[in-house]
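Engineer: Let me begin by handing over the structure; questions about it come next.
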Number of protein chains: 2
Amino acid sequence: MEQKIPYKIYLREEEIPTQWYNVRADMTHKPAPLINPSTGKPLKAEELEPIFCKELIKQELDNDTRWIDIPDEVLKFYKMYRPSPLVRAYFLEEALGTPAHIYYKFEGNNTSGSHKLNSAVAQAYYAKKQGLKGVTTETGAGQWGTALSMACSYFGLDCQVYMVKCSYEQKPFRREVMRTYGATVTPSPSDTTAVGRKILQEFPGTEGSLGCAISEAVESATTREGYRYELGSVLNQVLLHQTIIGLETRLAMKKYGIKPDIIIGCAGGGSNLGGFASPFIGENLRGEANYRIIAVEPASCPSFTRGKFAYDFCDTGNICPLAKMYTLGSSFIPSANHAGGLRFHGMSTILSQLYHDGAFEARAVEQTAVFEAAEKFARVEGILPAPESSHAIKVAIDEALKCKETGEAKTIVFNLTGTGYFDLSAYQQYNDGTMQDHIPTDEELEESLSKLPHID
Amino acid sequence: MEQKIPYKIYLREEEIPTQWYNVRADMTHKPAPLINPSTGKPLKAEELEPIFCKELIKQELDNDTRWIDIPDEVLKFYKMYRPSPLVRAYFLEEALGTPAHIYYKFEGNNTSGSHKLNSAVAQAYYAKKQGLKGVTTETGAGQWGTALSMACSYFGLDCQVYMVKCSYEQKPFRREVMRTYGATVTPSPSDTTAVGRKILQEFPGTEGSLGCAISEAVESATTREGYRYELGSVLNQVLLHQTIIGLETRLAMKKYGIKPDIIIGCAGGGSNLGGFASPFIGENLRGEANYRIIAVEPASCPSFTRGKFAYDFCDTGNICPLAKMYTLGSSFIPSANHAGGLRFHGMSTILSQLYHDGAFEARAVEQTAVFEAAEKFARVEGILPAPESSHAIKVAIDEALKCKETGEAKTIVFNLTGTGYFDLSAYQQYNDGTMQDHIPTDEELEESLSKLPHID
């Protein structure tokens with residue numbers, strides 16, 4: 001049996017799941033609703049319609065439908081780069097000398113370089129179906145912007161990307177991929193929006209922030225005819241689309257009779273962890289399984305392990321709705337950790353509720369230890385991992401080494417969300433020995449958490 | 001039947017071919033031997049031993065053995081990233097509105113980003129087997145250096161890479177991937193070799209060249225105890241290792257009853273074209289098939305289409321052996337075409353002899369047309385191609401459009417050698433509309449061809 005498991009398990013194309021899984025249907029305590037900061041009341045669908053596509057709002061607010069059909073056009077696009085392989089990490093196991101069986105689902109083999117494309121294509125499809133001209137979004141490191149550019153190019157939609165200015169300048173390659181896919185990329189803050197002009201006036205020479213880019217993208221969507229705003233993480237709809245990862249993983253494991261013991265994913269806004277783990281969490285919730293699930297976050301931005309479960313703004317500019325989530329406070333500014341995708345003060349409301357209810361554990365890890373794991377992994381498995389994904393690698397290795405001590409042959413599976421080809425300045429710091437770890441002090445966190453809005 | 005062909009055909013891991021195919025065994029006219037420039041006579045194995053590994057020299061000189069076993073350790077490494085998919089370009093066909101069936105073998109899904117790893121692992125394995133401490137090489141754009149770094153890291157060999165100085169500075173990301181795999185990367189020319197010091201003294205401030213980096217790498221290999229030099233293209237041994245591409249392609253096509261009409265590959269030194277096409281060329285040579293095979297080269301460096309079939313030096317410094325090949329003259333300096341892997345004045349001796357004997361056709365294409373094809377391909381197939389590979393894409397599209405005119409449903413297959421993630425400054429030029437085409441004048445070529453050494 002053992003001998004027959006290949007290095008890479010590929011499902012057949014006709015086995016790609018045709019429905020997304022909505023974990024909210026299996027949750028006893030549903031995630032708390034988004035709150036309109038100006039009324040203090042839960043947001044209604046119609047209040048969201050100037051910003052988001054109708055069908056996506058429906059998905060955002062749907063706490064009950066367990067399975068949601070994937071449209072045929074989205075399934076067709078999925079076949080461009082899916083199914084993604086479930087890899088048996090034989091080389092890593094050998095290098096560690098562990099009796100553990102390690103697997104990873106690899107989401108990096110597409111030009112966006114990450115799992116983000118799974119939701120981008122769905123969001124672009126619904127925008128097209130609604131008859132829109134285009135969409136706007138923001139991007140920090142660039143994965144999400146690239147993914148949405150690819151999806152928009154395919155569906156013939158205009159794509160306006162507000163890219164945090166320092167990334168725009170430091171990551172010209174990401175910018176050029178987006179332009180190659182026909183997107184317009186604007187460094188944020190810019191003079192193309194009122195909020196951008198205001199920020200530029202107040203802070204001349206600012207390098208921008210994700211919060212500021214969100215504000216510009218939202219303004220841009222709501223002031224252009226036929227545009228809506230799209231977002232690549234945190235939202236319930238994004239977690240929903242990303243369940244294609246976990247569903248494929250579960251199917252591949254079932255085909256080979258593999259039963260996971262430990263399931264590991266990195267957590268920033270929650271999109272990959274939620275998508276990867278929620279089909280397994282659902283089994284636990286329904287009492288069908290007892291998987292151990294671990295969320296890994298950077299010690300520099302430890303929402304789960306040191307944050308508070310409370311209502312907070314999702315953006316630093318405090319213009320977005322309030323969400324009940326694990327948060328470090330919207331005024332918390334995480335240090336310049338190289339895992340840009342994990343530098344968010346808050347967390348998905350679904351995952352926050354699940355964590356609050358004890359559905360999984362969380363662990364915070366430091367940056368240099370993460371890159372040490374990344375290097376080890378790259379050398380034996382032949383894939384240069386993204387810094388975000390490397391957080392999951394670090395904990396997978398830790399767990400595999402525990403197995404080595406105890407002699408247990410546990411089955412560990414983690415989500416390798418993407419590749420690190422555009423993160424090489426981070427690798428350079430690691431190679432040069434100049435990388436540092438930044439862990440917020442208790443005082444810093446108390447300060448930002450003291451500013452949480454008062455809502456129950 | 002048509003309906004059943006998936007978007008991506010993956011062979012099973014146990015179907016990976018276990019032997020490389022040596023096309024020389026099927027050639028009536030064998031490639032002309034390498035000549036020692038100091039004696040004017042064919043090089044003997046023992047003259048090559050200070051530079052190359054013994055087993056690789058055997059492969060280099062073997063014109064007779066049709067099938068050569070792939071060592072188990074190399075096959076194991078191949079399973080890290082192979083089999084590579086044969087993709088049916090349904091999206092491209094749809095976008096072009098062609099009745100042609102287009103397929104591509106995709107070699108870019110590994111961290112080296114190209115097919116180079118297929119030979120790197122073989123060369124590193126034989127170095128390890130010979131008990132060497134390490135190997136040296138040169139790299140221009142960086143794919144080969146990255147591939148060899150990955151292979152050396154796996155086998156525990158030291159890897160010394162001389163990287164053309166301008167690339168070292170302009171492509172720091174490639175450099176960091178190599179360092180992450182433990183290689184030492186030295187900008188060339190350097191003061192670590194006698195030839196490097198000499199060049200630096202003569203041309204202070206020079207940005208280096210591939211010819212100069214080769215000289216340094218060879219000196220470094222021959223003056224260090226337990227080192228040999230390894231090269232990623234041109235050589236017979238490299239073409240041999242790369243046949244894994246063509247053999248997998250042929251097997252995948254046979255499994256689905258697909259019969260190719262036209263086979264297309266880009267040609268620089270010849271490694272991917274030779275590896276991809278030679279199993280098919282072999283069928284033609286043995287009278288078993290009648291495939292049309294097209295080599296695509298840049299109009300800026302047109303060895304096949306405008307060069308001469310003659311003995312010439314392989315390097316600009318004229319220290320390497322003489323090879324009989326299609327050449328533009330070793331003093332020809334191709335313009336700064338972005339397809340760095342195709343900027344070589346000469347060509348594989350095997351492919352040169354085959355072309356001379358009419359085994360395939362050749363076509364030269366201009367750079368902006370190549371990037372136009374690359375962009376079209378990226379937008380519909382979801383893969384950002386390397387500039388080198390995009391030469392093949394350009395001709396595949398041209399042939400598919402001819403089918404659209406004639407209504408013929410020909411089957412076209414090309415080799416997509418790699419991804420363009422490290423070539424985005426080239427894409428930026430294309431996106432900005434500042435890209436130029438450089439085609440050498442007849443006078444330029446006459447000048448460089450007039451300096452060919454006189455050997456028959």
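Ordering of the structure tokens sets the chain letters (A, B, ...); residue numbers start at 1 within each chain; ligands are numbered from 1 in the order shown.
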Using only C-alpha atoms, tabulate the residues of chain A lying at most 7 Å from any atom of chain B, each with its closest atom pair and that distance in Å to one decimal, by chain and increasing residue number, as CSV.
Structural biologist:
residue,atom,partner,partner_atom,distance
A:Pro6,CA,B:Glu13,CA,6.9
A:Tyr7,CA,B:Lys79,CA,6.7
A:Glu13,CA,B:Pro6,CA,6.9
A:Lys79,CA,B:Tyr7,CA,6.7
A:Met80,CA,B:Glu381,CA,6.6
A:Asn109,CA,B:Asn109,CA,6.5
A:Asn110,CA,B:Ile383,CA,6.5
A:Thr111,CA,B:Ile383,CA,5.4
A:Met150,CA,B:Arg379,CA,6.8
A:Ser153,CA,B:Arg379,CA,6.4
A:Tyr154,CA,B:Val380,CA,6.4
A:Phe173,CA,B:Leu424,CA,5.4
A:Glu176,CA,B:Gln428,CA,5.8
A:Arg179,CA,B:Asn431,CA,7.0
A:Thr180,CA,B:Glu375,CA,6.4
A:Tyr181,CA,B:Arg379,CA,6.0
A:Glu375,CA,B:Thr180,CA,6.4
A:Arg379,CA,B:Tyr181,CA,6.0
A:Val380,CA,B:Tyr154,CA,6.4
A:Glu381,CA,B:Met80,CA,6.6
A:Gly382,CA,B:Thr111,CA,6.3
A:Ile383,CA,B:Thr111,CA,5.4
A:Leu384,CA,B:Thr111,CA,6.1
A:Leu424,CA,B:Phe173,CA,5.5
A:Tyr427,CA,B:Glu176,CA,6.8
A:Gln428,CA,B:Glu176,CA,5.8
A:Asn431,CA,B:Thr180,CA,6.6
Engineer: Residues within 7 Å of B:Gly274, please, as a PyMOL selection string. Count only C-alpha atoms; anything in the same chain fewer than 3 positions from it doesn't count.
Structural biologist: chain B and resi 239+270-271+277-278+351
Engineer: With all heavy atoms retained, write the just-selected residues as a PDB file, in the first residue's frame.
Structural biologist:
ATOM      1  N   LEU B 239      22.026  17.145 -25.000  1.00  0.00           N
ATOM      2  CA  LEU B 239      20.904  16.743 -25.858  1.00  0.00           C
ATOM      3  C   LEU B 239      20.390  15.372 -25.450  1.00  0.00           C
ATOM      4  O   LEU B 239      19.174  15.131 -25.423  1.00  0.00           O
ATOM      5  CB  LEU B 239      21.322  16.708 -27.335  1.00  0.00           C
ATOM      6  CG  LEU B 239      20.963  17.968 -28.126  1.00  0.00           C
ATOM      7  CD1 LEU B 239      21.831  19.130 -27.723  1.00  0.00           C
ATOM      8  CD2 LEU B 239      21.032  17.717 -29.619  1.00  0.00           C
ATOM      9  N   GLY B 270      20.715  24.510 -28.653  1.00  0.00           N
ATOM     10  CA  GLY B 270      20.117  23.289 -29.182  1.00  0.00           C
ATOM     11  C   GLY B 270      19.613  22.292 -28.154  1.00  0.00           C
ATOM     12  O   GLY B 270      19.057  21.256 -28.525  1.00  0.00           O
ATOM     13  N   SER B 271      19.781  22.600 -26.867  1.00  0.00           N
ATOM     14  CA  SER B 271      19.486  21.570 -25.862  1.00  0.00           C
ATOM     15  C   SER B 271      18.015  21.192 -25.805  1.00  0.00           C
ATOM     16  O   SER B 271      17.673  20.021 -25.728  1.00  0.00           O
ATOM     17  CB  SER B 271      19.990  21.998 -24.480  1.00  0.00           C
ATOM     18  OG  SER B 271      19.133  22.937 -23.868  1.00  0.00           O
ATOM     19  N   ALA B 277      12.826  17.199 -29.859  1.00  0.00           N
ATOM     20  CA  ALA B 277      12.514  16.719 -31.214  1.00  0.00           C
ATOM     21  C   ALA B 277      13.220  15.433 -31.600  1.00  0.00           C
ATOM     22  O   ALA B 277      12.720  14.696 -32.468  1.00  0.00           O
ATOM     23  CB  ALA B 277      12.838  17.814 -32.232  1.00  0.00           C
ATOM     24  N   SER B 278      14.363  15.113 -30.968  1.00  0.00           N
ATOM     25  CA  SER B 278      15.148  14.021 -31.552  1.00  0.00           C
ATOM     26  C   SER B 278      14.452  12.656 -31.525  1.00  0.00           C
ATOM     27  O   SER B 278      14.641  11.880 -32.468  1.00  0.00           O
ATOM     28  CB  SER B 278      16.571  13.980 -30.998  1.00  0.00           C
ATOM     29  OG  SER B 278      16.607  13.568 -29.683  1.00  0.00           O
ATOM     30  N   LEU B 351      22.520  18.774 -34.042  1.00  0.00           N
ATOM     31  CA  LEU B 351      21.452  19.455 -34.783  1.00  0.00           C
ATOM     32  C   LEU B 351      21.982  20.062 -36.075  1.00  0.00           C
ATOM     33  O   LEU B 351      21.295  20.100 -37.097  1.00  0.00           O
ATOM     34  CB  LEU B 351      20.805  20.535 -33.917  1.00  0.00           C
ATOM     35  CG  LEU B 351      19.953  20.041 -32.748  1.00  0.00           C
ATOM     36  CD1 LEU B 351      19.314  21.224 -32.028  1.00  0.00           C
ATOM     37  CD2 LEU B 351      18.873  19.063 -33.212  1.00  0.00           C
TER      38      LEU B 351
END
Engineer: If you run DSSP on the backbone here, which positions in stretch 173-292 of chain B get alpha helix (DSSP H)? Please write them as a PyMOL selection string.
Structural biologist: chain B and resi 173-180+194-202+210-223+236-255+271-285
Engineer: List as a PyMOL selection string the protein and nucleic acid residues near stretch 48-61 of chain B, meaning an atom at most 8 Å away when only C-alpha atoms are counted, but skip any in the same chain fewer than 5 places from it.
Structural biologist: chain B and resi 43+123+126-127+130+218+221-222+228-230+235-237
Engineer: With a distance cut-off of 7 Å and only C-alpha atoms, select the neighbouring residues of B:Ser300, excluding the residue or stretch itself and same-chain residues fewer than 5 positions from it, and output the selection as number ranges by chain.
Structural biologist: B: 334-335, 337, 438-440
Engineer: Now that the selection is made, can you save its residues with all heavy atoms as a CSV table (one decimal), in the first residue's frame?
Structural biologist:
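Final output, saved to again_11.csv:
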chain,number,residue,atom,x,y,z
B,334,PRO,N,25.7,39.0,-30.7
B,334,PRO,CA,24.3,39.2,-31.0
B,334,PRO,C,23.8,40.4,-30.2
B,334,PRO,O,24.3,40.7,-29.1
B,334,PRO,CB,23.6,37.9,-30.5
B,334,PRO,CG,24.6,37.2,-29.7
B,334,PRO,CD,26.0,37.7,-30.0
B,335,SER,N,22.8,41.1,-30.7
B,335,SER,CA,22.2,42.3,-30.0
B,335,SER,C,21.6,41.8,-28.7
B,335,SER,O,21.4,40.6,-28.5
B,335,SER,CB,21.2,43.0,-30.9
B,335,SER,OG,20.1,42.1,-31.0
B,337,ASN,N,19.1,40.9,-27.4
B,337,ASN,CA,17.8,40.2,-27.4
B,337,ASN,C,17.5,39.7,-26.0
B,337,ASN,O,18.4,39.3,-25.3
B,337,ASN,CB,17.9,39.0,-28.4
B,337,ASN,CG,16.5,38.3,-28.6
B,337,ASN,OD1,16.0,37.7,-27.7
B,337,ASN,ND2,16.0,38.5,-29.8
B,438,HIS,N,16.4,43.9,-33.5
B,438,HIS,CA,17.7,44.1,-34.1
B,438,HIS,C,18.0,42.9,-35.0
B,438,HIS,O,18.1,41.8,-34.6
B,438,HIS,CB,18.7,44.1,-33.0
B,438,HIS,CG,18.5,45.2,-32.0
B,438,HIS,ND1,18.9,46.5,-32.2
B,438,HIS,CD2,17.9,45.2,-30.8
B,438,HIS,CE1,18.6,47.3,-31.2
B,438,HIS,NE2,18.0,46.5,-30.3
B,439,ILE,N,18.2,43.2,-36.3
B,439,ILE,CA,18.6,42.2,-37.2
B,439,ILE,C,19.9,42.5,-37.8
B,439,ILE,O,20.2,43.6,-38.3
B,439,ILE,CB,17.5,42.1,-38.3
B,439,ILE,CG1,16.1,41.8,-37.7
B,439,ILE,CG2,17.9,41.0,-39.4
B,439,ILE,CD1,15.0,41.9,-38.6
B,440,PRO,N,20.9,41.6,-37.7
B,440,PRO,CA,22.2,41.9,-38.2
B,440,PRO,C,22.2,42.1,-39.7
B,440,PRO,O,21.4,41.5,-40.5
B,440,PRO,CB,23.0,40.6,-37.9
B,440,PRO,CG,22.1,39.5,-37.6
B,440,PRO,CD,20.8,40.2,-37.1
Engineer: B:Glu297: which residues within 10 Å, counting only C-alpha atoms, same-chain residues fewer than 2 positions away excluded, as a PyMOL selection string?
Structural biologist: chain B and resi 265-268+294-295+299-305+339+342-343+362-366+388+391-392
Engineer: Would you save the residues of that selection, restricted to C-alpha atoms, as an mmCIF file, in the first residue's frame?
Structural biologist:
data_model
loop_
_atom_site.group_PDB
_atom_site.id
_atom_site.type_symbol
_atom_site.label_atom_id
_atom_site.label_comp_id
_atom_site.auth_asym_id
_atom_site.auth_seq_id
_atom_site.Cartn_x
_atom_site.Cartn_y
_atom_site.Cartn_z
ATOM 1 C CA GLY B 265 11.033 24.031 -30.661
ATOM 2 C CA CYS B 266 13.163 27.111 -30.133
ATOM 3 C CA ALA B 267 16.877 26.831 -30.833
ATOM 4 C CA GLY B 268 19.762 28.551 -29.060
ATOM 5 C CA ILE B 294 10.608 23.377 -37.213
ATOM 6 C CA ALA B 295 13.469 25.018 -35.327
ATOM 7 C CA ALA B 299 16.211 36.993 -36.193
ATOM 8 C CA SER B 300 18.873 38.753 -34.112
ATOM 9 C CA CYS B 301 20.983 35.589 -33.878
ATOM 10 C CA PRO B 302 20.073 33.440 -36.908
ATOM 11 C CA SER B 303 22.625 30.593 -36.830
ATOM 12 C CA PHE B 304 20.606 28.116 -38.911
ATOM 13 C CA THR B 305 18.992 30.512 -41.344
ATOM 14 C CA ALA B 339 15.909 35.628 -25.016
ATOM 15 C CA LEU B 342 19.141 31.951 -27.668
ATOM 16 C CA ARG B 343 22.056 34.375 -27.921
ATOM 17 C CA ALA B 362 14.390 26.502 -39.505
ATOM 18 C CA ARG B 363 12.667 29.845 -39.174
ATOM 19 C CA ALA B 364 13.889 33.146 -37.727
ATOM 20 C CA VAL B 365 11.413 35.435 -35.935
ATOM 21 C CA GLU B 366 11.623 38.974 -34.624
ATOM 22 C CA GLU B 388 13.022 31.732 -25.407
ATOM 23 C CA HIS B 391 9.754 31.808 -30.138
ATOM 24 C CA ALA B 392 8.153 28.387 -30.434
#
Engineer: May I ask for the distance between atom CA of B:Leu247 and atom CA of B:Lys402, given in Å to one decimal place?
Structural biologist: 27.7 Å
Engineer: Counting only C-alpha atoms, which of A:Asp158, A:Glu361, A:Asp62, A:Asp191 gets nearest to A:Pro204?
Structural biologist: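 Among A:Asp158, A:Glu361, A:Asp62, A:Asp191, it is A:Asp191 that comes nearest to A:Pro204.
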Engineer: Report the residues of stretch 208-266 of chain A whose backbone DSSP state falls under strand (DSSP E), written as a PyMOL selection string.
Structural biologist: chain A and resi 227-229+262-266
Engineer: Write the residues of the selection above to a file with N, CA and C atoms, as a CSV table (one decimal), in the first residue's frame.
Structural biologist:
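Final output, selection-v6.csv:
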chain,number,residue,atom,x,y,z
A,227,TYR,N,-18.7,49.5,-12.3
A,227,TYR,CA,-17.6,48.9,-11.6
A,227,TYR,C,-18.0,48.4,-10.2
A,228,ARG,N,-17.4,47.3,-9.7
A,228,ARG,CA,-17.5,46.9,-8.3
A,228,ARG,C,-16.1,46.6,-7.8
A,229,TYR,N,-16.0,46.5,-6.4
A,229,TYR,CA,-14.8,46.3,-5.7
A,229,TYR,C,-14.7,44.8,-5.4
A,262,ILE,N,-2.8,15.4,11.2
A,262,ILE,CA,-2.6,16.8,11.5
A,262,ILE,C,-2.7,17.6,10.2
A,263,ILE,N,-3.5,18.7,10.3
A,263,ILE,CA,-3.7,19.5,9.1
A,263,ILE,C,-3.2,20.9,9.4
A,264,ILE,N,-2.3,21.5,8.6
A,264,ILE,CA,-1.6,22.7,8.9
A,264,ILE,C,-1.8,23.7,7.8
A,265,GLY,N,-2.1,25.0,8.1
A,265,GLY,CA,-2.1,26.0,7.2
A,265,GLY,C,-1.6,27.3,7.8
A,266,CYS,N,-1.1,28.2,7.0
A,266,CYS,CA,-0.7,29.5,7.5
A,266,CYS,C,-2.0,30.4,7.5
Engineer: How far is it from atom CA of A:Tyr168 to atom CA of A:Ser190, in Å with one decimal?
Structural biologist: 11.8 Å
Engineer: Using only C-alpha atoms for the distances, tell me which of A:Gly341, A:Gly433, A:Pro260, A:Gly329 is nearest to A:Thr411.
Structural biologist: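 Checking each candidate against A:Thr411, we get A:Pro260 as the closest.
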Engineer: Determine the nearest neighbour of A:Ser348 from the options A:Ala252, A:Ala336, A:Leu96, A:Val238, counting only C-alpha atoms.
Structural biologist: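 Of all the options, A:Val238 lies closest to A:Ser348.
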Engineer: Hey, which of B:Asn284, B:Ser119, B:Gln170, B:Thr98 ends up closest to B:Glu408? Count only C-alpha atoms.
Structural biologist: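 Closest to B:Glu408, using only C-alpha atoms: B:Thr98.
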Engineer: As a list in words, please: the residues near A:Ala396 (cut-off 8 Å, only C-alpha atoms, same-chain neighbours under 6 positions excluded).
Structural biologist: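 The residues that qualify are Ile102, Ile264, Ile412, Val413 and Phe414 of chain A.
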Engineer: Can you measure atom CA of B:Lys451 to atom CA of B:Ser330 for me? One decimal in Å is fine.
Structural biologist: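 About the pair atom CA of B:Lys451 and atom CA of B:Ser330: they are 8.2 Å apart.
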Engineer: Between A:Lys198, A:His241, A:His356, A:Lys44, which one has atoms that come closest to A:Asn272, using only C-alpha atoms?
Structural biologist: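 Selected residue with least distance to A:Asn272: A:His241.
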Engineer: Extract, using only C-alpha atoms, all DNA, RNA and protein residues at most 10 Å from B:Thr65, discarding same-chain residues fewer than 3 positions from it, and format them as a count of residues only.
Structural biologist: 9
